[in-house]
Amino acid sequence: MNSPRLNACISVVLLLAFWQLLATSLKLQALPPATEVLKQLVMVTENGQLPYHLGITLTRLIVSFSLSMIIGVLIGIGLGRQPILDQFFDQWLLILLNIPALVTIILCYLWFGLTEAAAILAVVINKVPNVVVTIREGTRALDTRLLEMADSYRFGRWKTYRHVIWPQLFPYLMAAARTGLALIWKIILVVELLGCSNGMGYQIHLFFQLFDVTSILAYTIAFIIVIQLIEMFILKPLEQRASTWRQ
Amino acid sequence: MNSPRLNACISVVLLLAFWQLLATSLKLQALPPATEVLKQLVMVTENGQLPYHLGITLTRLIVSFSLSMIIGVLIGIGLGRQPILDQFFDQWLLILLNIPALVTIILCYLWFGLTEAAAILAVVINKVPNVVVTIREGTRALDTRLLEMADSYRFGRWKTYRHVIWPQLFPYLMAAARTGLALIWKIILVVELLGCSNGMGYQIHLFFQLFDVTSILAYTIAFIIVIQLIEMFILKPLEQRASTWRQ
Amino acid sequence: ASEPFQIKIGVVAFGTLQWELAVIQQFELDKQENLQLRLITLANPQAGKIALHAGTVDIGVADWFWVSNQRTNHHSPLTFAPYSATAGALLVAANSPINTIKQLAGKRIGIAGGEIDKNWLLLQTLAAKQDVNLNETVDKVFGAPPILNQQLLQNRLDALLTYWHYAARLESNGYKRLLDGAQMLSMLGIKQKIPTLGYVFSDQWAHHHREAVLRFLRISQQAKNLICTSEQAWETVLPLTRSEDKQTQTVIRKRYCEGRIQHWEAADKLAASTIYSMITASHPNLFPKQSSTLAAGTFWDYTLSNSTTTKHPTILTK
Amino acid sequence: MTDYSIDITRKEYPATASTSAHIAIKNLHLTLKQNEFVCLVGPSGCGKTTLMNIVAGIDQNYEGTINLGTLSQTDNKVAYVFQEPRLLPWRSVIQNIHLVLDDPNAPHNTKLIEELLELMEITHIRDHYPGQISLGMARRVALVRAFVVQPQILLMDEPFVSLDERTAQRIRQRLLETWQTQPHTILFVTHDIREAIYLADRIVFLSQAPSNVINEVKVTIPRHNRTDEHSIEAFRQSLKRIGSKTKNYSGATK
Amino acid sequence: MTDYSIDITRKEYPATASTSAHIAIKNLHLTLKQNEFVCLVGPSGCGKTTLMNIVAGIDQNYEGTINLGTLSQTDNKVAYVFQEPRLLPWRSVIQNIHLVLDDPNAPHNTKLIEELLELMEITHIRDHYPGQISLGMARRVALVRAFVVQPQILLMDEPFVSLDERTAQRIRQRLLETWQTQPHTILFVTHDIREAIYLADRIVFLSQAPSNVINEVKVTIPRHNRTDEHSIEAFRQSLKRIGSKTKNYSGATK
Ligand SMILES: Nc1ncnc2c1ncn2[C@@H]1O[C@H](COP(=O)(O)OP(=O)(O)OP(=O)(O)O)[C@@H](O)[C@H]1O
Ligand SMILES: Nc1ncnc2c1ncn2[C@@H]1O[C@H](COP(=O)(O)OP(=O)(O)OP(=O)(O)O)[C@@H](O)[C@H]1O
Ligand SMILES: [Mg+2]
Ligand SMILES: [Mg+2]
């Protein structure tokens, strides 16, 4: 086990210990001890409830995340590179960015019924503007000297995007992906709360009605573990591969 | 009126026209025509209801936004510059990032009562990790050659941060600010829904219960106008000043 | 006179409690009982529950299932006194072919409140008696009540089980009430009027201020009666119903008044715990750490008999 | 085969908030014969890089016409050695070279690349990233990148600074050899007058901004004589004498 | 006043995914006398910049000791002219210069800055951003930045490339004047052997990697004679004859 992993483990253990202490010795209201939550986590995993809802939510998450990232990156680069488009759509972007999730969700449900497609569309509409804004910022900060180089050697559109622009956008992309997963998760909870009959959001709302913080936390932890796995096996390796050149 | 402004105006007018058309000709349910919404907007502004709630929400927004940005930037730079800290707190960050807003909001309210401080704390806890992640990404992408220059000329910590690091983080900061305002707005709606007796979130939820989409949209537009003003008079000028060097 | 006793009450904006408090203020009922009511308006019932737990309010409104659950799971000191028996209803379109529970099978049914909604549980229990497993045969659609209302209006649902004030709106739109909470209970053999919602407060607090709480319950009862009998009071309430249309207003008032609790005695409490046992027996995994019987102390030690309700008849003529 | 003609009436960098407009080039006319080797000499900041950018087609924001004959602007056959290496930091040395080729793995290309890497003595760093090599090495990579294109027009902006003399000289020889076996037109910016004399058919002297051509000198030393330091030195001294205008650029006493 | 001693047993760039470890410097010992002007000459990629970075205190990841006597590492009195200009792109020329000073508006500083800008002929671009000036101009700004510090140790990594000869020569003279009136120690990397002879007290020749000192030559021409091209040329020829080791770096025929 290498040192970064070890560090990470220590850090998680410390956090759990801290939480346990807070919950048991200070008896903070509504904060169940970590042990309790873990016990609950095991239970709902064993009885199949958690895997079912988690699976459903993850499917929604993956579909809407992929859609949002692809659409967002394309639009973001477009706006960043074309000042005229940017001037024109800047307003639309700002409006989309600030429409409450509630509004888009309601409208999607009304127009398309309480369907999967409506749920996913609602999430995508909420997430895309965030990706666009981040990527646009990155596109504006591109190194023109390298673009000129690509230009003079007639790289063409595809080579330029792949080898000159993409690597420079990468950190922005990572920022968008990381905050994006978290944002989608937040929105999906609302989407599922308002019009789905399954999924983590639906479940968490039920627990919330009962004030069952233990179960909410158990579900949250399950989700965090999944995100952690995505981070460990997808994002981190991607990032490492993309930043070997920084040594 | 210069061309970018003109463009922006045309774009907004087009959007409104498009909306009006969609609402009147297609008779899409629950999408009231733009004119209706604007009428409502004027009405609630005149009767003082909107200014009251908007004012309150804006105050909360400004306070929590400033706090989140300051805390987030400090932590983000710290983590980006100190790999050991980063390894350690990476996990915590990921966890914080993915705790449902609902959980933090409930815990804040339970521990600190339904107070302003609790509401703002809940927003800050939800927003800080996003800022941290974005700024950390930016800090990792810093140009080491310029840092070496600063080092060899003994710039010291303050000069280095101000003149070498800050300008490089600026695009990330703008991305964090723009998506941040939108995120806070989304969270504040939930925060106000669950524990405030006033504010836009409180109002919008009441409208939602009555399915009064017109009022929801009127309030949304009011908020978007405010964001637009912030964009026009704070963010854009800041950005322009900070990017004069790009011509 | 001594200082008026202050009570902080969590009120859901435009909820019926707000109607009552408006009437109490209009008729200065609180002053008569030397109470000072401080309203903390909140956007939805969940906020009210948070406020109760956080101690921001002394009294809030919730259902006794929840109270029992809190007592079992969180050693919560919360306790319950009845507030209203108005219950939700199952609605279908006027021309709907659905007339019986059996016909629900295979249909798309909206259920407000999700799978732990008490009416949904009752409906399932009822169906089970007719050998119908609703949970499996029905296409359930859970969702937020306003959205479900719209879905029914758009004919995207065949039937909708929803809260009473949403039901009232649909009813005045010509939708048919197939069943309501009280009917379901009586079909299950319970003739008493069982409260759906109640005042919820900490039993220690109530113990220390028992007199004041009783006075509060009394004026609340008076206010209810005023709303149902005095047009002057109803005028005050009207804007709070947030409904422009006369039809709806009438239905709302009717349902509201039907839901007044006239008595709350040992037999009623027993009936309530019977319902609880009935539901939990047929749904053994409804809650985490579910107890099969109602938690002790769920109902505050307080009784209401017919005589107390008309204690101040003079007010009516004021 | 027609000559290339460069005709820039006016190249202005517009004013910004803090700076006033700057006319970099004004009425600059230059004709390049097919396969001619032309060296550009001019004071620092006069507009040489600006001119190169315009010829390369990067900068299209000028008044005038650039006529590169049959050579279309989208053609792959221009190569430009920038004043800085301009390598992609996230691509290894060999990737940076491959990127300018349509088919980097064609046998003739791999052979050429190997040979050039060998010549530049950078074979051992082919898998390094630009951040891991010295500036001189990066410059040599940029040179390889330009050479492998086998361009019809080769633009070089002070390509041999930061190289030790031995290496620089080897590359100069190679450049000349290639140029002679596969003739192409070269526009070469340098501050080193000895280098210009060694390489050029013709040396063009540019004026201070706004830049234009103030003098053109044919290098009359036969190519086979140019390895002789003394003839170079003699030619340099003669340049000094030509006139006050060019004197400044012919190298001061050291 | 003690001498400065540079003593690097080993400087290794560790292996990465795509590259093997590279030992850049091994057993390099060098003593700089107080106020000595030392030129470093060595093949491209041998480790000159690496050495400069270590002396500047930027790179602390080596085996060995650098003894700069009383000069503490946190002292402001080291100035480093990097191989590239390394200006802050978001600060104007004048701001870039001001940033290295504690009190840029002190009269003696403003006077010095004005004078240096004048000397470098870049007064007119003081409010430009680095992206708006030519590379040669940027190099001159970097030189001003180093000079205004009035350092006790001045590190210069090929500072005069990309400058036209006239300007370069003027700056060399100025450098020598300043160095004579306010003595300080200078470590100067160049590939131009003529430049080294013109400037240095002593020329140090470095080997191919792993780099160490293979020869040191005192420049015996008296300083007042160095403006004479012929003595420089003669000295260069003598260097060529010294030995095969140094021959490579003494400048090839052109
Ligand atoms: N970050 C690094 N990682 C790995 N190797 C490096 C790194 N930096 C430099 N090197 C290697 O160290 C050696 C010395 O590099 P350095 O920059 O010191 O050379 P130099 O003498 O300054 O050359 P030049 O005259 O071309 O500037 C080179 O072979 C280079 O490949
Ligand atoms: N983007 C720009 N905006 C404004 N002025 C510019 C810009 N780029 C270059 N200039 C100005 O144009 C002039 C010519 O610059 P250029 O880079 O062509 O010079 P150069 O001849 O290549 O000099 P050097 O020998 O130093 O490289 C300079 O005075 C410079 O200040
Ligand atoms: Mg140039
Ligand atoms: Mg170097």
# chains A, B, ... in the order shown; residues from 1 in each chain; ligands from 1
>>> select_by_dssp(residues="segment 60-172 of chain C", states="alpha helix (DSSP H)", output="PyMOL selection string")
chain C and resi 64-74+118-129+134-137+145-153+164-172
>>> interface_residues(of="chain E", to="chain B", cutoff="12 Å", atoms="only C-alpha atoms", output="JSON, numbers by chain")
{"E": [52, 53, 54, 55, 56, 57, 58, 59, 60, 72, 73, 74, 75, 76, 77, 78, 79, 80, 81, 82, 83, 84, 85, 86, 87, 88, 89, 90, 91, 92, 93, 95, 96, 97, 98, 99, 100, 101, 102, 127, 128, 129, 130, 131, 132, 133, 142, 145, 146, 147, 148, 149, 150, 151, 153, 154, 155]}
>>> write_last_selection(atoms="C-alpha atoms", output="short mmCIF file (atom, residue, chain, number, x, y, z; two decimals), in the first residue's frame")
data_model
loop_
_atom_site.label_atom_id
_atom_site.label_comp_id
_atom_site.auth_asym_id
_atom_site.auth_seq_id
_atom_site.Cartn_x
_atom_site.Cartn_y
_atom_site.Cartn_z
CA MET E 52 22.19 27.96 -12.40
CA ASN E 53 18.90 26.89 -10.84
CA ILE E 54 20.75 25.21 -8.02
CA VAL E 55 22.88 28.26 -7.38
CA ALA E 56 19.80 30.49 -7.50
CA GLY E 57 18.22 28.33 -4.81
CA ILE E 58 15.24 27.34 -6.96
CA ASP E 59 16.24 23.72 -7.14
CA GLN E 60 17.06 22.30 -3.73
CA SER E 72 21.66 34.08 3.01
CA GLN E 73 19.34 32.26 0.64
CA THR E 74 16.47 34.52 1.60
CA ASP E 75 18.47 37.60 0.82
CA ASN E 76 17.16 39.70 -1.99
CA LYS E 77 20.57 40.07 -3.53
CA VAL E 78 20.53 37.34 -6.13
CA ALA E 79 19.33 38.19 -9.61
CA TYR E 80 18.73 35.61 -12.29
CA VAL E 81 18.27 36.27 -15.99
CA PHE E 82 16.55 33.10 -17.14
CA GLN E 83 17.10 31.50 -20.49
CA GLU E 84 13.59 32.66 -21.44
CA PRO E 85 12.36 36.07 -20.31
CA ARG E 86 9.83 34.69 -17.77
CA LEU E 87 7.90 37.90 -17.44
CA LEU E 88 4.48 37.88 -15.85
CA PRO E 89 2.16 38.17 -18.87
CA TRP E 90 -0.52 39.96 -16.84
CA ARG E 91 1.76 42.71 -15.60
CA SER E 92 3.05 45.53 -17.75
CA VAL E 93 6.75 45.91 -18.46
CA GLN E 95 5.21 46.49 -13.26
CA ASN E 96 7.33 43.45 -13.97
CA ILE E 97 10.38 45.51 -13.15
CA HIS E 98 8.88 47.11 -10.07
CA LEU E 99 7.88 43.76 -8.65
CA VAL E 100 11.44 42.71 -7.88
CA LEU E 101 12.06 45.81 -5.82
CA ASP E 102 11.01 46.40 -2.26
CA ASP E 127 3.22 50.21 -20.29
CA HIS E 128 2.95 47.33 -22.75
CA TYR E 129 2.15 43.84 -21.60
CA PRO E 130 4.71 41.14 -22.42
CA GLY E 131 2.36 39.69 -25.04
CA GLN E 132 2.60 42.95 -26.95
CA ILE E 133 6.34 43.17 -27.31
CA ALA E 142 14.29 40.70 -18.13
CA ARG E 145 14.70 43.45 -14.01
CA ALA E 146 17.94 41.76 -13.07
CA PHE E 147 20.04 44.90 -13.11
CA VAL E 148 17.73 47.03 -10.93
CA VAL E 149 18.10 44.53 -8.12
CA GLN E 150 21.79 45.51 -7.92
CA PRO E 151 22.56 41.98 -6.91
CA ILE E 153 25.37 37.51 -7.35
CA LEU E 154 24.12 37.88 -10.89
CA LEU E 155 23.18 34.73 -12.77
#
>>> residues_near_ligand(ligand="ligand 4", cutoff="10 Å", atoms="only C-alpha atoms and all ligand atoms", output="PyMOL selection string")
(chain D and resi 133-137+162-163) or (chain E and resi 42-53+82-84+157-158+189-190)
>>> select_by_dssp(residues="segment 46-241 of chain E", states="strand (DSSP E)", output="ChimeraX atom specification")
/E:63-67,78-81,153-157,185-189,202-206,213-218
>>> calpha_fit_and_write(fixed="chain B", moving="chain A", output="short mmCIF file (atom, residue, chain, number, x, y, z; two decimals) with C-alpha atoms, in the first residue's frame")
data_model
loop_
_atom_site.label_atom_id
_atom_site.label_comp_id
_atom_site.auth_asym_id
_atom_site.auth_seq_id
_atom_site.Cartn_x
_atom_site.Cartn_y
_atom_site.Cartn_z
CA MET A 1 -25.00 51.45 -27.42
CA ASN A 2 -22.11 49.27 -28.44
CA SER A 3 -22.37 46.08 -30.36
CA PRO A 4 -22.01 43.52 -27.53
CA ARG A 5 -24.78 45.24 -25.57
CA LEU A 6 -26.93 45.40 -28.66
CA ASN A 7 -26.32 41.74 -29.28
CA ALA A 8 -27.31 40.94 -25.74
CA CYS A 9 -30.51 42.91 -26.07
CA ILE A 10 -31.44 41.24 -29.33
CA SER A 11 -30.76 37.90 -27.76
CA VAL A 12 -33.02 38.56 -24.77
CA VAL A 13 -35.79 39.93 -26.96
CA LEU A 14 -35.56 36.86 -29.17
CA LEU A 15 -35.77 34.60 -26.17
CA LEU A 16 -38.86 36.39 -24.90
CA ALA A 17 -40.46 36.24 -28.33
CA PHE A 18 -39.68 32.56 -28.61
CA TRP A 19 -41.19 31.94 -25.19
CA GLN A 20 -44.31 33.96 -25.99
CA LEU A 21 -44.79 31.99 -29.18
CA LEU A 22 -44.29 28.68 -27.43
CA ALA A 23 -46.76 29.59 -24.73
CA THR A 24 -49.51 31.11 -26.82
CA SER A 25 -49.52 29.17 -30.06
CA LEU A 26 -48.55 25.74 -28.80
CA LYS A 27 -50.51 26.19 -25.60
CA LEU A 28 -47.95 24.21 -23.71
CA GLN A 29 -49.30 23.27 -20.37
CA ALA A 30 -48.19 25.27 -17.37
CA LEU A 31 -46.06 27.59 -19.43
CA PRO A 32 -47.71 30.97 -19.04
CA PRO A 33 -47.03 33.49 -21.79
CA ALA A 34 -44.17 35.89 -21.22
CA THR A 35 -46.50 38.87 -21.13
CA GLU A 36 -48.46 37.34 -18.31
CA VAL A 37 -45.34 36.70 -16.29
CA LEU A 38 -44.07 40.22 -16.84
CA LYS A 39 -47.42 41.60 -15.77
CA GLN A 40 -47.20 39.52 -12.61
CA LEU A 41 -43.65 40.70 -12.08
CA VAL A 42 -44.75 44.32 -12.19
CA MET A 43 -47.59 43.60 -9.83
CA VAL A 44 -45.60 41.84 -7.13
CA THR A 45 -42.93 44.50 -7.40
CA GLU A 46 -45.44 47.25 -6.92
CA ASN A 47 -47.13 45.66 -3.95
CA GLY A 48 -43.75 45.30 -2.29
CA GLN A 49 -43.92 41.55 -1.86
CA LEU A 50 -41.15 40.73 -4.28
CA PRO A 51 -38.69 43.42 -3.13
CA TYR A 52 -39.13 42.22 0.45
CA HIS A 53 -38.40 38.56 -0.21
CA LEU A 54 -35.78 39.29 -2.84
CA GLY A 55 -33.98 41.58 -0.44
CA ILE A 56 -33.89 38.95 2.24
CA THR A 57 -32.69 36.23 -0.08
CA LEU A 58 -30.06 38.50 -1.61
CA THR A 59 -28.67 39.31 1.80
CA ARG A 60 -28.38 35.63 2.57
CA LEU A 61 -26.89 35.03 -0.85
CA ILE A 62 -24.26 37.73 -0.56
CA VAL A 63 -23.18 36.72 2.92
CA SER A 64 -22.96 33.04 2.14
CA PHE A 65 -21.38 33.63 -1.28
CA SER A 66 -18.63 35.79 0.14
CA LEU A 67 -17.94 33.38 2.95
CA SER A 68 -17.86 30.38 0.64
CA MET A 69 -15.58 32.02 -1.89
CA ILE A 70 -13.08 33.19 0.71
CA ILE A 71 -12.98 29.90 2.57
CA GLY A 72 -13.04 27.88 -0.63
CA VAL A 73 -10.22 29.78 -2.29
CA LEU A 74 -8.00 29.55 0.76
CA ILE A 75 -8.52 25.84 1.16
CA GLY A 76 -8.33 25.26 -2.60
CA ILE A 77 -4.95 26.95 -2.90
CA GLY A 78 -3.72 25.13 0.19
CA LEU A 79 -4.69 21.74 -1.16
CA GLY A 80 -3.40 22.50 -4.64
CA ARG A 81 0.00 23.58 -3.36
CA GLN A 82 0.50 21.00 -0.59
CA PRO A 83 0.23 17.45 -1.94
CA ILE A 84 0.28 16.02 1.57
CA LEU A 85 -2.65 18.10 2.78
CA ASP A 86 -4.38 17.20 -0.44
CA GLN A 87 -3.92 13.47 0.01
CA PHE A 88 -5.26 13.78 3.48
CA PHE A 89 -8.26 16.01 2.90
CA ASP A 90 -9.18 14.73 -0.52
CA GLN A 91 -11.52 12.22 1.08
CA TRP A 92 -13.13 14.75 3.34
CA LEU A 93 -13.68 17.01 0.40
CA LEU A 94 -15.29 14.30 -1.64
CA ILE A 95 -17.54 13.42 1.25
CA LEU A 96 -18.57 17.01 1.86
CA LEU A 97 -19.13 17.48 -1.85
CA ASN A 98 -21.56 14.63 -1.97
CA ILE A 99 -23.52 14.94 1.22
CA PRO A 100 -27.04 15.78 0.08
CA ALA A 101 -27.98 19.39 0.77
CA LEU A 102 -30.88 17.97 2.72
CA VAL A 103 -28.60 16.34 5.27
CA THR A 104 -26.47 19.37 5.97
CA ILE A 105 -29.51 21.58 6.14
CA ILE A 106 -31.28 19.30 8.60
CA LEU A 107 -28.24 19.02 10.80
CA CYS A 108 -27.63 22.75 10.79
CA TYR A 109 -31.21 23.47 11.71
CA LEU A 110 -31.21 20.87 14.44
CA TRP A 111 -28.06 22.12 16.04
CA PHE A 112 -28.56 25.82 15.68
CA GLY A 113 -32.32 26.10 15.47
CA LEU A 114 -34.23 27.75 12.68
CA THR A 115 -31.98 30.79 12.71
CA GLU A 116 -30.33 32.94 10.08
CA ALA A 117 -26.91 31.68 11.09
CA ALA A 118 -28.01 28.08 10.59
CA ALA A 119 -29.41 28.87 7.15
CA ILE A 120 -26.25 30.61 6.03
CA LEU A 121 -24.01 27.94 7.48
CA ALA A 122 -25.97 25.31 5.58
CA VAL A 123 -25.42 27.14 2.32
CA VAL A 124 -21.74 27.69 3.00
CA ILE A 125 -21.17 24.03 3.79
CA ASN A 126 -22.81 23.12 0.52
CA LYS A 127 -20.89 25.59 -1.59
CA VAL A 128 -17.37 25.54 -0.18
CA PRO A 129 -16.38 22.12 -1.55
CA ASN A 130 -17.27 23.24 -5.07
CA VAL A 131 -15.03 26.27 -4.85
CA VAL A 132 -12.26 24.19 -3.36
CA VAL A 133 -12.38 21.63 -6.15
CA THR A 134 -12.28 24.26 -8.89
CA ILE A 135 -9.53 26.33 -7.33
CA ARG A 136 -7.49 23.25 -6.50
CA GLU A 137 -7.60 22.25 -10.14
CA GLY A 138 -6.37 25.72 -11.06
CA THR A 139 -3.61 25.63 -8.50
CA ARG A 140 -2.38 22.36 -9.85
CA ALA A 141 -2.15 23.87 -13.32
CA LEU A 142 0.04 26.80 -12.22
CA ASP A 143 3.03 27.65 -14.39
CA THR A 144 6.06 26.51 -12.42
CA ARG A 145 8.45 28.60 -14.49
CA LEU A 146 6.88 31.78 -13.25
CA LEU A 147 6.86 30.48 -9.71
CA GLU A 148 10.57 29.78 -10.04
CA MET A 149 11.08 33.32 -11.25
CA ALA A 150 9.25 34.69 -8.22
CA ASP A 151 11.30 32.40 -6.06
CA SER A 152 14.65 33.46 -7.45
CA TYR A 153 13.79 37.13 -7.07
CA ARG A 154 12.63 36.45 -3.49
CA PHE A 155 9.13 37.79 -4.07
CA GLY A 156 8.00 36.40 -0.76
CA ARG A 157 4.66 34.83 -0.05
CA TRP A 158 2.39 37.81 -0.47
CA LYS A 159 3.83 39.15 -3.73
CA THR A 160 3.87 35.66 -5.18
CA TYR A 161 0.23 35.09 -4.36
CA ARG A 162 -0.89 38.45 -5.56
CA HIS A 163 1.08 38.79 -8.75
CA VAL A 164 1.99 35.29 -9.86
CA ILE A 165 -0.64 32.88 -8.55
CA TRP A 166 -3.75 35.00 -8.41
CA PRO A 167 -3.83 36.02 -12.09
CA GLN A 168 -3.45 32.40 -13.11
CA LEU A 169 -6.28 31.34 -10.83
CA PHE A 170 -8.52 34.08 -12.10
CA PRO A 171 -10.34 32.11 -14.80
CA TYR A 172 -10.98 29.32 -12.33
CA LEU A 173 -12.22 31.89 -9.88
CA MET A 174 -14.62 33.27 -12.44
CA ALA A 175 -15.90 29.80 -13.19
CA ALA A 176 -16.36 29.19 -9.48
CA ALA A 177 -18.12 32.50 -9.00
CA ARG A 178 -20.49 32.09 -11.92
CA THR A 179 -21.47 28.52 -11.22
CA GLY A 180 -21.34 29.40 -7.56
CA LEU A 181 -23.98 32.08 -7.65
CA ALA A 182 -26.23 29.66 -9.47
CA LEU A 183 -25.53 26.84 -7.06
CA ILE A 184 -26.09 28.96 -3.99
CA TRP A 185 -29.33 30.17 -5.42
CA LYS A 186 -30.38 26.56 -5.89
CA ILE A 187 -29.41 25.62 -2.37
CA ILE A 188 -30.83 28.71 -0.76
CA LEU A 189 -34.17 27.80 -2.24
CA VAL A 190 -34.06 24.48 -0.43
CA VAL A 191 -32.77 26.05 2.75
CA GLU A 192 -35.56 28.59 2.76
CA LEU A 193 -38.07 25.96 1.86
CA LEU A 194 -37.17 23.79 4.81
CA GLY A 195 -36.82 26.32 7.54
CA CYS A 196 -37.27 29.97 6.75
CA SER A 197 -40.32 32.11 7.07
CA ASN A 198 -39.41 34.46 4.27
CA GLY A 199 -37.24 34.74 1.22
CA MET A 200 -37.60 33.67 -2.38
CA GLY A 201 -37.37 29.97 -1.58
CA TYR A 202 -40.19 30.20 0.88
CA GLN A 203 -42.33 32.14 -1.57
CA ILE A 204 -41.57 29.94 -4.53
CA HIS A 205 -42.56 26.95 -2.48
CA LEU A 206 -45.88 28.55 -1.69
CA PHE A 207 -46.45 29.20 -5.35
CA PHE A 208 -45.40 25.69 -6.10
CA GLN A 209 -48.03 24.36 -3.73
CA LEU A 210 -50.58 26.32 -5.69
CA PHE A 211 -49.00 25.32 -8.96
CA ASP A 212 -48.68 28.98 -9.75
CA VAL A 213 -45.99 28.80 -12.41
CA THR A 214 -46.60 32.41 -13.41
CA SER A 215 -45.52 33.70 -10.04
CA ILE A 216 -42.61 31.28 -9.85
CA LEU A 217 -41.38 32.54 -13.18
CA ALA A 218 -41.93 36.15 -12.19
CA TYR A 219 -39.78 35.63 -9.11
CA THR A 220 -37.21 33.74 -11.14
CA ILE A 221 -36.98 36.57 -13.62
CA ALA A 222 -36.52 39.07 -10.83
CA PHE A 223 -33.66 37.00 -9.55
CA ILE A 224 -32.15 36.61 -12.98
CA ILE A 225 -32.24 40.36 -13.46
CA VAL A 226 -30.31 40.77 -10.24
CA ILE A 227 -27.76 38.20 -11.33
CA GLN A 228 -27.55 39.94 -14.67
CA LEU A 229 -26.77 43.19 -12.88
CA ILE A 230 -24.11 41.49 -10.77
CA GLU A 231 -22.69 40.05 -13.97
CA MET A 232 -22.77 43.39 -15.78
CA PHE A 233 -21.50 45.62 -13.03
CA ILE A 234 -19.23 43.35 -11.05
CA LEU A 235 -18.13 40.18 -12.81
CA LYS A 236 -17.73 41.45 -16.39
CA PRO A 237 -15.74 44.57 -15.40
CA LEU A 238 -13.59 42.49 -13.06
CA GLU A 239 -12.99 40.03 -15.84
CA GLN A 240 -12.24 42.77 -18.33
CA ARG A 241 -9.78 44.42 -16.00
CA ALA A 242 -8.12 41.12 -15.28
CA SER A 243 -7.80 40.15 -18.90
CA THR A 244 -6.63 43.40 -20.49
CA TRP A 245 -3.30 41.72 -20.98
CA ARG A 246 -4.87 39.27 -23.40
CA GLN A 247 -5.71 42.44 -25.42
#
>>> atom_distance(atom1="atom CA of Gln183 of chain C", atom2="atom CA of Leu126 of chain C")
10.6 Å
>>> residues_around(residues="His230 of chain D", least_positions_apart="5", cutoff="12 Å", atoms="only C-alpha atoms", output="PyMOL selection string")
(chain D and resi 194+197-198+221+225+235-237) or (chain E and resi 233+253-254)
>>> residues_around(residues="segment 235-249 of chain C", least_positions_apart="2", cutoff="6 Å", atoms="only C-alpha atoms", output="ChimeraX atom specification")
/C:14,19,169,172,232-233,251-252
>>> interface_residues(of="chain C", to="chain B", cutoff="12 Å", atoms="only C-alpha atoms", output="ChimeraX atom specification")
/C:10-15,39-57,144-151,153-154,163,165-166,169,240-244
>>> residues_around(residues="Leu90 of chain C", least_positions_apart="4", cutoff="9 Å", atoms="only C-alpha atoms", output="PyMOL selection string")
chain C and resi 119+159-162+167+176-181
>>> residues_around(residues="segment 110-123 of chain D", least_positions_apart="6", cutoff="8 Å", atoms="only C-alpha atoms", output="list of chain:residue names")
D:Pro104, D:Met137, D:Arg140, D:Val141, D:Val144, D:Val148, D:Thr167, D:Arg170, D:Ile171
>>> atom_distance(atom1="atom CA of Lys240 of chain D", atom2="atom CA of Leu199 of chain D")
18.2 Å
>>> atom_distance(atom1="atom CA of Ile214 of chain E", atom2="atom CA of Arg139 of chain D")
25.4 Å
>>> closest_residue(among="D:His191, D:Ala200, D:Leu239, D:Pro14", to="ligand 3", atoms="only C-alpha atoms and all ligand atoms")
D:His191
>>> closest_residue(among="E:His108, E:Arg10, E:Arg172, E:His124", to="ligand 2", atoms="only C-alpha atoms and all ligand atoms")
E:His124
